[in-house]
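Content type TSV, C-alpha atoms and all ligand atoms, from the file structure-v5.tsv:
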chain	number	residue	atom	x	y	z
A	1	MET	CA	49.61	56.82	3.84
A	2	LEU	CA	46.43	55.75	2.07
A	3	GLN	CA	43.70	58.32	2.11
A	4	VAL	CA	40.19	57.52	0.92
A	5	LYS	CA	38.05	60.63	0.85
A	6	ASN	CA	34.28	60.79	0.46
A	7	ILE	CA	33.99	58.18	-2.25
A	8	PHE	CA	30.72	57.25	-3.90
A	9	PHE	CA	30.36	54.43	-6.40
A	10	SER	CA	27.58	52.68	-8.28
A	11	TYR	CA	27.42	49.83	-10.78
A	12	GLN	CA	24.94	51.03	-13.41
A	13	LYS	CA	22.21	52.58	-11.27
A	14	THR	CA	22.51	50.83	-7.90
A	15	LYS	CA	24.55	52.80	-5.43
A	16	VAL	CA	27.04	50.42	-3.80
A	17	LEU	CA	29.34	52.67	-1.76
A	18	LYS	CA	28.19	55.84	-0.09
A	19	ASN	CA	30.50	58.50	1.26
A	20	ILE	CA	33.37	56.25	2.33
A	21	SER	CA	36.30	57.97	4.05
A	22	PHE	CA	39.20	56.54	6.03
A	23	SER	CA	42.96	56.59	6.13
A	24	ILE	CA	45.72	54.21	7.14
A	25	SER	CA	49.42	54.71	7.74
A	26	SER	CA	52.17	52.88	5.90
A	27	GLY	CA	52.80	49.39	7.23
A	28	GLU	CA	49.42	49.13	8.96
A	29	ASN	CA	46.94	46.29	8.60
A	30	LEU	CA	43.32	47.32	8.02
A	31	SER	CA	40.49	44.84	7.83
A	32	ILE	CA	37.14	45.39	6.16
A	33	ILE	CA	34.27	43.33	7.43
A	34	GLY	CA	30.57	43.27	6.58
A	35	GLU	CA	27.85	40.97	5.31
A	36	SER	CA	27.98	39.56	1.79
A	37	GLY	CA	26.97	42.27	-0.64
A	38	SER	CA	27.93	45.11	1.71
A	39	GLY	CA	30.57	46.34	-0.76
A	40	LYS	CA	33.88	44.94	0.55
A	41	SER	CA	35.15	43.63	-2.79
A	42	THR	CA	33.99	46.75	-4.59
A	43	LEU	CA	35.91	48.94	-2.15
A	44	LEU	CA	39.11	46.92	-2.72
A	45	LYS	CA	38.66	47.14	-6.48
A	46	LEU	CA	38.23	50.91	-6.28
A	47	ILE	CA	41.40	51.23	-4.20
A	48	TYR	CA	43.16	49.16	-6.88
A	49	GLY	CA	41.89	51.51	-9.60
A	50	GLU	CA	39.71	48.95	-11.34
A	51	TYR	CA	36.71	51.29	-11.69
A	52	ASP	CA	36.19	55.03	-11.95
A	53	LEU	CA	34.79	56.70	-8.86
A	54	ASP	CA	31.49	58.61	-9.07
A	55	GLU	CA	32.82	61.07	-6.50
A	56	GLY	CA	35.69	61.42	-4.07
A	57	SER	CA	39.36	60.59	-4.21
A	58	ILE	CA	41.89	57.92	-3.28
A	59	GLN	CA	45.48	58.82	-2.61
A	60	TRP	CA	48.50	56.63	-1.84
A	61	LYS	CA	51.40	58.80	-0.65
A	62	ASN	CA	51.66	61.36	-3.47
A	63	ASN	CA	49.81	59.32	-6.09
A	64	SER	CA	46.15	59.71	-6.92
A	65	ILE	CA	44.62	56.32	-7.66
A	66	LEU	CA	42.68	56.68	-10.87
A	67	GLY	CA	40.34	54.34	-12.71
A	68	PRO	CA	40.38	52.98	-16.27
A	69	SER	CA	39.24	56.22	-17.89
A	70	HIS	CA	42.56	57.77	-16.82
A	71	ASN	CA	44.87	54.75	-17.17
A	72	LEU	CA	45.53	52.50	-20.12
A	73	VAL	CA	46.58	49.67	-17.82
A	74	ILE	CA	44.73	49.06	-14.56
A	75	GLY	CA	46.81	49.07	-11.38
A	76	TYR	CA	50.01	50.58	-10.06
A	77	PRO	CA	53.43	49.00	-9.53
A	78	PHE	CA	53.43	49.74	-5.78
A	79	MET	CA	50.15	47.90	-5.22
A	80	LYS	CA	49.10	44.25	-5.54
A	81	TYR	CA	45.60	42.85	-5.39
A	82	VAL	CA	44.61	39.24	-4.76
A	83	ALA	CA	41.03	38.80	-5.94
A	84	GLN	CA	38.49	36.34	-4.57
A	85	GLU	CA	38.93	34.58	-7.92
A	86	PHE	CA	42.67	34.36	-8.45
A	87	ASP	CA	44.07	33.91	-11.93
A	88	LEU	CA	47.21	31.82	-12.25
A	89	MET	CA	48.91	30.15	-15.18
A	90	PRO	CA	47.82	26.53	-15.00
A	91	TYR	CA	50.46	24.96	-17.26
A	92	ILE	CA	53.57	26.20	-15.45
A	93	THR	CA	54.83	25.19	-12.00
A	94	VAL	CA	54.23	26.79	-8.63
A	95	GLU	CA	57.71	28.33	-8.54
A	96	GLU	CA	57.39	29.62	-12.11
A	97	ASN	CA	54.06	31.25	-11.25
A	98	ILE	CA	55.51	32.89	-8.14
A	99	GLY	CA	58.61	34.07	-10.01
A	100	LYS	CA	56.63	35.22	-13.06
A	101	TYR	CA	57.21	38.93	-12.51
A	102	LEU	CA	60.62	38.70	-10.83
A	103	SER	CA	63.61	39.88	-12.84
A	104	ASN	CA	65.88	37.25	-14.43
A	105	PHE	CA	68.79	39.59	-14.07
A	106	TYR	CA	69.99	38.05	-10.81
A	107	PRO	CA	69.07	34.36	-11.12
A	108	GLU	CA	70.49	33.38	-7.72
A	109	GLU	CA	68.62	36.16	-5.94
A	110	LYS	CA	65.48	35.18	-7.82
A	111	GLN	CA	65.70	31.55	-6.71
A	112	LYS	CA	66.33	32.58	-3.11
A	113	ARG	CA	63.35	34.90	-3.17
A	114	ILE	CA	61.06	32.23	-4.67
A	115	LYS	CA	62.19	29.74	-2.02
A	116	GLU	CA	61.46	32.23	0.77
A	117	LEU	CA	57.99	32.99	-0.61
A	118	ILE	CA	57.14	29.32	-1.09
A	119	GLU	CA	58.03	28.79	2.57
A	120	VAL	CA	55.73	31.64	3.66
A	121	VAL	CA	52.78	29.91	1.98
A	122	GLU	CA	54.00	26.41	2.93
A	123	LEU	CA	54.14	24.95	-0.58
A	124	THR	CA	57.76	23.78	-0.65
A	125	GLU	CA	56.83	20.22	-1.55
A	126	PHE	CA	54.78	21.49	-4.52
A	127	ALA	CA	57.43	23.85	-5.94
A	128	LYS	CA	57.80	21.81	-9.14
A	129	THR	CA	54.12	20.91	-9.50
A	130	LYS	CA	52.09	22.45	-12.31
A	131	VAL	CA	49.36	24.72	-10.95
A	132	GLN	CA	46.63	22.82	-12.82
A	133	TYR	CA	47.17	19.88	-10.44
A	134	LEU	CA	46.68	21.93	-7.26
A	135	SER	CA	43.58	22.18	-5.08
A	136	GLY	CA	41.68	25.47	-4.75
A	137	GLY	CA	43.38	26.23	-1.45
A	138	GLN	CA	46.84	25.53	-2.83
A	139	LYS	CA	46.15	27.81	-5.80
A	140	GLN	CA	45.08	30.54	-3.41
A	141	ARG	CA	48.42	30.18	-1.62
A	142	VAL	CA	50.32	30.51	-4.92
A	143	ALA	CA	48.34	33.68	-5.70
A	144	LEU	CA	49.29	35.14	-2.30
A	145	ALA	CA	52.98	34.35	-2.79
A	146	ARG	CA	52.96	35.84	-6.29
A	147	ALA	CA	51.38	39.03	-4.97
A	148	ILE	CA	54.09	39.59	-2.36
A	149	ALA	CA	56.92	38.50	-4.68
A	150	LEU	CA	57.58	42.01	-5.97
A	151	GLN	CA	57.50	43.51	-2.46
A	152	PRO	CA	54.58	45.90	-3.06
A	153	GLU	CA	54.12	48.88	-0.75
A	154	ILE	CA	50.48	47.99	-0.31
A	155	ILE	CA	48.58	44.76	-0.79
A	156	LEU	CA	44.82	44.26	-1.09
A	157	LEU	CA	43.52	40.82	-0.09
A	158	ASP	CA	39.95	39.72	-0.76
A	159	GLU	CA	39.05	36.88	1.62
A	160	PRO	CA	42.58	35.50	1.31
A	161	PHE	CA	42.01	32.19	3.10
A	162	SER	CA	38.49	31.41	1.85
A	163	HIS	CA	39.60	28.29	-0.05
A	164	ILE	CA	42.05	27.07	2.56
A	165	ASP	CA	41.10	24.42	5.10
A	166	ASN	CA	41.38	25.02	8.84
A	167	PHE	CA	44.29	22.65	9.08
A	168	LYS	CA	46.51	24.99	7.04
A	169	LYS	CA	44.76	28.28	7.68
A	170	GLN	CA	46.12	28.98	11.17
A	171	SER	CA	49.81	28.81	10.33
A	172	LEU	CA	49.41	30.38	6.90
A	173	ARG	CA	47.62	33.36	8.41
A	174	ARG	CA	50.44	33.88	10.94
A	175	ASN	CA	53.13	33.47	8.26
A	176	LEU	CA	51.51	35.88	5.85
A	177	PHE	CA	50.50	38.68	8.24
A	178	ASN	CA	53.81	38.46	10.12
A	179	TYR	CA	55.67	38.62	6.80
A	180	LEU	CA	53.73	41.73	5.72
A	181	LYS	CA	54.36	43.45	9.09
A	182	ALA	CA	58.06	42.54	9.07
A	183	HIS	CA	58.42	44.06	5.59
A	184	SER	CA	56.24	47.09	6.42
A	185	ILE	CA	53.80	46.23	3.63
A	186	THR	CA	50.50	48.02	4.14
A	187	CYS	CA	47.66	45.52	4.00
A	188	ILE	CA	43.92	45.86	3.48
A	189	VAL	CA	42.03	42.63	3.93
A	190	ALA	CA	38.34	41.94	3.34
A	191	THR	CA	37.28	39.06	5.53
A	192	HIS	CA	34.53	37.12	7.25
A	193	ASP	CA	36.84	35.64	9.84
A	194	LYS	CA	37.50	37.31	13.19
A	195	ASN	CA	40.78	35.41	13.46
A	196	ASP	CA	42.13	37.40	10.50
A	197	VAL	CA	41.36	40.57	12.45
A	198	LEU	CA	41.81	40.22	16.20
A	199	SER	CA	45.52	39.36	16.31
A	200	PHE	CA	46.66	41.16	13.19
A	201	SER	CA	44.66	44.29	12.32
A	202	ASP	CA	45.50	47.76	13.55
A	203	LYS	CA	42.13	49.05	12.48
A	204	MET	CA	38.84	47.52	11.40
A	205	ILE	CA	36.14	48.99	9.20
A	206	VAL	CA	32.58	47.67	9.39
A	207	LEU	CA	30.59	48.10	6.19
A	208	SER	CA	26.84	47.84	6.13
A	209	LYS	CA	24.78	48.54	3.00
A	210	GLY	CA	27.65	50.45	1.44
A	211	LYS	CA	28.34	52.71	4.42
A	212	ILE	CA	30.98	52.63	7.14
A	213	ILE	CA	29.20	52.04	10.46
A	214	ALA	CA	32.35	51.69	12.55
A	215	CYS	CA	36.08	52.26	12.18
A	216	GLU	CA	38.09	51.44	15.30
A	217	LYS	CA	40.76	49.18	16.73
A	218	PRO	CA	39.45	45.58	16.73
A	219	LYS	CA	39.81	45.42	20.52
A	220	THR	CA	37.64	48.49	20.96
A	221	LEU	CA	34.90	47.03	18.75
A	222	TYR	CA	35.15	43.61	20.37
A	223	ASN	CA	34.88	45.02	23.90
A	224	ASN	CA	32.05	47.37	23.07
A	225	PRO	CA	30.12	46.16	20.03
A	226	LYS	CA	27.64	48.93	19.37
A	227	SER	CA	25.45	46.97	16.98
A	228	PRO	CA	24.40	43.34	16.43
A	229	ILE	CA	26.28	43.32	13.09
A	230	ILE	CA	29.54	43.99	14.92
A	231	ALA	CA	28.82	41.52	17.75
A	232	SER	CA	27.86	38.76	15.31
A	233	PHE	CA	31.24	39.06	13.62
A	234	PHE	CA	32.95	38.16	16.89
A	235	GLY	CA	30.69	35.39	18.14
A	236	GLU	CA	27.38	34.17	19.48
A	237	PHE	CA	25.61	37.03	21.23
A	238	ASN	CA	22.37	38.10	22.94
A	239	VAL	CA	20.53	41.37	23.30
A	240	ILE	CA	19.12	41.48	26.81
A	241	GLU	CA	17.64	44.66	28.27
A	242	PRO	CA	18.80	46.55	30.24
A	243	TYR	CA	22.28	45.06	29.73
A	244	GLY	CA	22.46	45.49	25.96
A	245	ILE	CA	24.61	43.26	23.76
A	246	LEU	CA	26.20	40.31	25.58
A	247	TYR	CA	28.43	37.59	24.17
A	248	ALA	CA	27.48	34.05	25.16
A	249	HIS	CA	30.52	33.83	27.46
A	250	GLN	CA	29.32	36.90	29.39
A	251	ILE	CA	26.40	34.93	30.81
A	252	GLN	CA	27.23	32.38	33.50
A	253	LEU	CA	25.42	29.64	35.30
A	254	VAL	CA	24.91	30.27	39.04
A	255	GLU	CA	23.18	28.41	41.90
A	256	CYS	CA	20.51	31.01	42.38
A	257	SER	CA	19.49	34.31	40.78
A	258	ASN	CA	16.51	36.24	39.47
A	259	LEU	CA	17.39	35.33	35.87
A	260	LYS	CA	15.74	31.94	35.44
A	261	ALA	CA	15.96	30.18	32.10
A	262	THR	CA	14.83	26.86	30.66
A	263	VAL	CA	17.39	24.87	28.68
A	264	LYS	CA	16.42	23.91	25.13
A	265	LYS	CA	19.60	22.30	23.88
A	266	SER	CA	23.36	22.07	24.53
A	267	TYR	CA	25.83	22.10	21.65
A	268	TYR	CA	29.29	20.58	22.10
A	269	TYR	CA	32.09	22.98	21.08
A	270	GLY	CA	35.14	21.10	22.35
A	271	ASN	CA	36.34	23.19	25.27
A	272	TYR	CA	32.81	24.32	26.22
A	273	TYR	CA	29.12	23.77	25.53
A	274	LEU	CA	26.99	26.44	23.91
A	275	VAL	CA	23.58	26.29	25.58
A	276	GLU	CA	20.40	27.53	23.95
A	277	ALA	CA	17.74	28.43	26.52
A	278	ILE	CA	14.59	30.49	26.99
A	279	LEU	CA	14.76	33.52	29.25
A	280	ASN	CA	11.65	35.73	29.55
A	281	ASN	CA	10.23	34.19	26.36
A	282	GLU	CA	13.36	35.05	24.42
A	283	THR	CA	16.12	32.74	23.20
A	284	VAL	CA	19.40	33.21	25.01
A	285	PHE	CA	22.82	31.64	24.39
A	286	PHE	CA	25.45	31.05	27.07
A	287	GLU	CA	28.48	28.85	27.63
A	288	THR	CA	28.97	26.08	30.22
A	289	SER	CA	31.73	23.61	30.94
A	290	SER	CA	29.38	20.63	30.91
A	291	SER	CA	26.27	19.66	29.01
A	292	LEU	CA	22.85	20.54	30.53
A	293	LYS	CA	19.64	18.52	30.33
A	294	ASN	CA	16.92	19.71	27.99
A	295	ASN	CA	14.03	21.46	29.82
A	296	GLN	CA	16.18	21.89	32.93
A	297	GLU	CA	15.61	25.13	34.90
A	298	VAL	CA	18.80	27.12	35.48
A	299	CYS	CA	19.81	30.43	37.03
A	300	LEU	CA	22.00	32.87	35.16
A	301	LYS	CA	24.28	35.73	36.04
A	302	ILE	CA	25.55	38.43	33.73
A	303	SER	CA	29.14	39.51	34.00
A	304	LYS	CA	30.65	41.62	31.26
A	305	ASN	CA	34.23	40.82	32.26
B	1	LIG	P1	30.94	41.96	-0.80
B	1	LIG	O1	32.33	41.76	-1.30
B	1	LIG	O2	30.87	42.69	0.51
B	1	LIG	O3	30.18	40.67	-0.73
B	1	LIG	P2	30.49	43.31	-3.34
B	1	LIG	O4	31.36	44.50	-3.34
B	1	LIG	O5	30.93	42.13	-4.13
B	1	LIG	O6	30.16	42.90	-1.83
B	1	LIG	O7	29.06	43.72	-3.88
B	1	LIG	C1	28.36	44.86	-3.42
B	1	LIG	C2	27.09	45.02	-4.23
B	1	LIG	O8	27.41	45.32	-5.58
B	1	LIG	C3	26.22	43.77	-4.27
B	1	LIG	O9	24.89	44.16	-4.21
B	1	LIG	C4	26.57	43.15	-5.60
B	1	LIG	O10	25.49	42.41	-6.10
B	1	LIG	C5	26.85	44.36	-6.46
B	1	LIG	N1	27.85	44.06	-7.51
B	1	LIG	C6	29.09	43.55	-7.31
B	1	LIG	N2	29.76	43.45	-8.49
B	1	LIG	C7	28.94	43.93	-9.45
B	1	LIG	C8	29.06	44.09	-10.88
B	1	LIG	N3	30.19	43.78	-11.53
B	1	LIG	N4	27.99	44.61	-11.52
B	1	LIG	C9	26.87	44.96	-10.87
B	1	LIG	N5	26.68	44.83	-9.54
B	1	LIG	C10	27.71	44.32	-8.83
B	2	MG	MG	33.40	40.03	-1.80

Render the structure in this file as structure tokens.
Amino acid sequence: MLQVKNIFFSYQKTKVLKNISFSISSGENLSIIGESGSGKSTLLKLIYGEYDLDEGSIQWKNNSILGPSHNLVIGYPFMKYVAQEFDLMPYITVEENIGKYLSNFYPEEKQKRIKELIEVVELTEFAKTKVQYLSGGQKQRVALARAIALQPEIILLDEPFSHIDNFKKQSLRRNLFNYLKAHSITCIVATHDKNDVLSFSDKMIVLSKGKIIACEKPKTLYNNPKSPIIASFFGEFNVIEPYGILYAHQIQLVECSNLKATVKKSYYYGNYYLVEAILNNETVFFETSSSLKNNQEVCLKISKN
């Protein structure tokens, strides 16, 4: 179990994290979300032992995670960290990078392991390519494979798919998170993408200005977003009194109702249109199956289901 207890941290004088506490069980997937600058990367680095805490403690099983003033070498063998800026060896191949820290003692086992990892990150055709010739997204995939190569007990991922295009992202995300679950590797992932969270995370932490404002199952937060920051992570939303926070899909078009709005613009989203309209002098967003005319008067119904 990872236990983070009442940690405080500042770079020079600015306080970045304030009284952060949470815990996760072995094999669980925890996501950390929050606006840029809210402290996600800093929290991961503290869990990795990259900085000394101002106050508080971090414990993994029976080990206290300590910063550089207590350790000559940063990090612990049971933990791997994939930074937003990954550092690989450019002049050796993808498979050499991934196998870098694997023992040469059992060469056949090593090759089998490298092959399996290359398949997880879908880079088989680039196995013999030198890393310097890869795109940013491909490099990120090598960094992910290298991090899981030594089967850590816990892995820290900082926006792991940020350089990877949508085309590859969907299957890579499934491969990676399913691999971690299947091997009971505890995972903490900082992300901006709800798709990293909804299907894969057991728990989700919302950071705002260095504090935890929510820590729940993703489904709980999705179904009942208590603040606009949480709702905005999941999708387009409105705040309409007395109903509170409503996602765009929770407002429907009806023949007749007391909620009359004037359409400003429809945006094509593939399987639906997102419509921007004015309701009681406020902008409102809802979804329709077909495009609406600008300035058209429409009636709306709210249904939270
Ligand atoms: P996030 O990952 O959520 O975008 P960060 O943890 O990177 O947020 O940053 C949190 C705050 O700490 C920001 O205000 C950022 O400017 C500041 N910060 C991050 N790294 C450093 C650093 N090495 N030195 C000083 N301030 C930093
Ligand atoms: Mg960051």

Give me the residues of chain A that have any atom at most 12 Å from an atom of ligand LIG 1 (chain B); for each, the nearest atom pair and the distance in Å, rounded to one decimal. Use only C-alpha atoms and all ligand atoms, sort by chain and number, and format it as CSV.
residue,atom,partner,partner_atom,distance
A:Phe9,CA,B:LIG1,O8,9.6
A:Ser10,CA,B:LIG1,O8,7.8
A:Tyr11,CA,B:LIG1,C9,4.9
A:Gln12,CA,B:LIG1,C9,6.9
A:Lys13,CA,B:LIG1,C9,8.9
A:Thr14,CA,B:LIG1,N5,7.5
A:Lys15,CA,B:LIG1,O8,8.0
A:Val16,CA,B:LIG1,O8,5.4
A:Leu17,CA,B:LIG1,C1,8.0
A:Lys18,CA,B:LIG1,C1,11.5
A:Ile32,CA,B:LIG1,O2,8.9
A:Ile33,CA,B:LIG1,O2,7.7
A:Gly34,CA,B:LIG1,O2,6.1
A:Glu35,CA,B:LIG1,O2,5.9
A:Ser36,CA,B:LIG1,O3,3.5
A:Gly37,CA,B:LIG1,O6,3.5
A:Ser38,CA,B:LIG1,O2,4.0
A:Gly39,CA,B:LIG1,O4,3.3
A:Lys40,CA,B:LIG1,O2,3.8
A:Ser41,CA,B:LIG1,O1,3.7
A:Thr42,CA,B:LIG1,O4,3.7
A:Leu43,CA,B:LIG1,O4,6.5
A:Leu44,CA,B:LIG1,O4,8.1
A:Lys45,CA,B:LIG1,O4,8.4
A:Leu46,CA,B:LIG1,O4,9.8
A:Glu50,CA,B:LIG1,N3,10.8
A:Tyr51,CA,B:LIG1,N3,9.9
A:Ala83,CA,B:LIG1,O1,10.3
A:Gln84,CA,B:LIG1,O1,8.8
A:Glu85,CA,B:LIG1,O5,11.6
A:Leu157,CA,B:LIG1,O1,11.3
A:Asp158,CA,B:LIG1,O1,7.9
A:Glu159,CA,B:LIG1,O1,8.8
A:Val189,CA,B:LIG1,O1,11.1
A:Ala190,CA,B:LIG1,O1,7.6
A:Thr191,CA,B:LIG1,O1,8.9
A:His192,CA,B:LIG1,O2,9.5
A:Ile205,CA,B:LIG1,O2,12.0
A:Val206,CA,B:LIG1,O2,10.3
A:Leu207,CA,B:LIG1,O2,7.8
A:Ser208,CA,B:LIG1,O2,8.6
A:Lys209,CA,B:LIG1,C1,8.2
A:Gly210,CA,B:LIG1,C1,7.4
A:Lys211,CA,B:LIG1,O2,11.0
A:Ile212,CA,B:LIG1,O2,11.9

With C-alpha atoms kept, could you save the residues just selected as a PDB file, in the coordinates of the input?
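Result file selection_14.pdb:
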ATOM      1  CA  PHE A   9      30.360  54.430  -6.400  1.00  0.00           C
ATOM      2  CA  SER A  10      27.580  52.680  -8.280  1.00  0.00           C
ATOM      3  CA  TYR A  11      27.420  49.830 -10.780  1.00  0.00           C
ATOM      4  CA  GLN A  12      24.940  51.030 -13.410  1.00  0.00           C
ATOM      5  CA  LYS A  13      22.210  52.580 -11.270  1.00  0.00           C
ATOM      6  CA  THR A  14      22.510  50.830  -7.900  1.00  0.00           C
ATOM      7  CA  LYS A  15      24.550  52.800  -5.430  1.00  0.00           C
ATOM      8  CA  VAL A  16      27.040  50.420  -3.800  1.00  0.00           C
ATOM      9  CA  LEU A  17      29.340  52.670  -1.760  1.00  0.00           C
ATOM     10  CA  LYS A  18      28.190  55.840  -0.090  1.00  0.00           C
ATOM     11  CA  ILE A  32      37.140  45.390   6.160  1.00  0.00           C
ATOM     12  CA  ILE A  33      34.270  43.330   7.430  1.00  0.00           C
ATOM     13  CA  GLY A  34      30.570  43.270   6.580  1.00  0.00           C
ATOM     14  CA  GLU A  35      27.850  40.970   5.310  1.00  0.00           C
ATOM     15  CA  SER A  36      27.980  39.560   1.790  1.00  0.00           C
ATOM     16  CA  GLY A  37      26.970  42.270  -0.640  1.00  0.00           C
ATOM     17  CA  SER A  38      27.930  45.110   1.710  1.00  0.00           C
ATOM     18  CA  GLY A  39      30.570  46.340  -0.760  1.00  0.00           C
ATOM     19  CA  LYS A  40      33.880  44.940   0.550  1.00  0.00           C
ATOM     20  CA  SER A  41      35.150  43.630  -2.790  1.00  0.00           C
ATOM     21  CA  THR A  42      33.990  46.750  -4.590  1.00  0.00           C
ATOM     22  CA  LEU A  43      35.910  48.940  -2.150  1.00  0.00           C
ATOM     23  CA  LEU A  44      39.110  46.920  -2.720  1.00  0.00           C
ATOM     24  CA  LYS A  45      38.660  47.140  -6.480  1.00  0.00           C
ATOM     25  CA  LEU A  46      38.230  50.910  -6.280  1.00  0.00           C
ATOM     26  CA  GLU A  50      39.710  48.950 -11.340  1.00  0.00           C
ATOM     27  CA  TYR A  51      36.710  51.290 -11.690  1.00  0.00           C
ATOM     28  CA  ALA A  83      41.030  38.800  -5.940  1.00  0.00           C
ATOM     29  CA  GLN A  84      38.490  36.340  -4.570  1.00  0.00           C
ATOM     30  CA  GLU A  85      38.930  34.580  -7.920  1.00  0.00           C
ATOM     31  CA  LEU A 157      43.520  40.820  -0.090  1.00  0.00           C
ATOM     32  CA  ASP A 158      39.950  39.720  -0.760  1.00  0.00           C
ATOM     33  CA  GLU A 159      39.050  36.880   1.620  1.00  0.00           C
ATOM     34  CA  VAL A 189      42.030  42.630   3.930  1.00  0.00           C
ATOM     35  CA  ALA A 190      38.340  41.940   3.340  1.00  0.00           C
ATOM     36  CA  THR A 191      37.280  39.060   5.530  1.00  0.00           C
ATOM     37  CA  HIS A 192      34.530  37.120   7.250  1.00  0.00           C
ATOM     38  CA  ILE A 205      36.140  48.990   9.200  1.00  0.00           C
ATOM     39  CA  VAL A 206      32.580  47.670   9.390  1.00  0.00           C
ATOM     40  CA  LEU A 207      30.590  48.100   6.190  1.00  0.00           C
ATOM     41  CA  SER A 208      26.840  47.840   6.130  1.00  0.00           C
ATOM     42  CA  LYS A 209      24.780  48.540   3.000  1.00  0.00           C
ATOM     43  CA  GLY A 210      27.650  50.450   1.440  1.00  0.00           C
ATOM     44  CA  LYS A 211      28.340  52.710   4.420  1.00  0.00           C
ATOM     45  CA  ILE A 212      30.980  52.630   7.140  1.00  0.00           C
TER      46      ILE A 212
END

Counting all atoms listed in the file, write as a list in words all protein and nucleic acid residues lying at most 9 Å from (47.9, 50.9, -6.0) in the file's frame. Ile47, Tyr48, Gly49, Gln59, Trp60, Asn63, Ile65, Gly75, Tyr76, Pro77, Phe78, Met79, Lys80, Tyr81, Pro152, Glu153, Ile154, Ile155 and Leu156 of chain A

Just want the 12 Å neighbourhood of Ser199 of chain A, counted on all atoms listed in the file, with same-chain residues fewer than 2 positions away dropped. Output as an MDAnalysis selection string. chainID A and resid 29:31 170 173:174 177:178 193:197 201:204 217:219 222

At what distance in Å, to one decimal, does atom CA of Ile24 of chain A lie from atom CA of Ser184 of chain A? 12.7 Å

Pick out the closest residue to His249 of chain A from this set: A:Pro68, A:Gly137, A:Gly270, A:Gly235. Count all atoms listed in the file. A:Gly235

Hey, can you pull every residue with an atom no more than 12 Å from (60.1, 32.6, 4.1), using all atoms listed in the file, and send it as a list in words? Lys112, Arg113, Ile114, Lys115, Glu116, Leu117, Ile118, Glu119, Val120, Val121, Glu122, Leu123, Thr124, Ala145, Ile148, Ala149, Leu172, Arg174, Asn175, Leu176, Asn178, Tyr179, Leu180, Ala182 and His183 of chain A

A:Gly136, A:Gly99, A:Pro160, A:Gly56: which is nearest ligand MG 2 (chain B), counting all atoms listed in the file? A:Pro160

A:Leu259, A:Ile240, A:Ala277, A:Val82: which is nearest ligand MG 2 (chain B), counting all atoms listed in the file? A:Val82
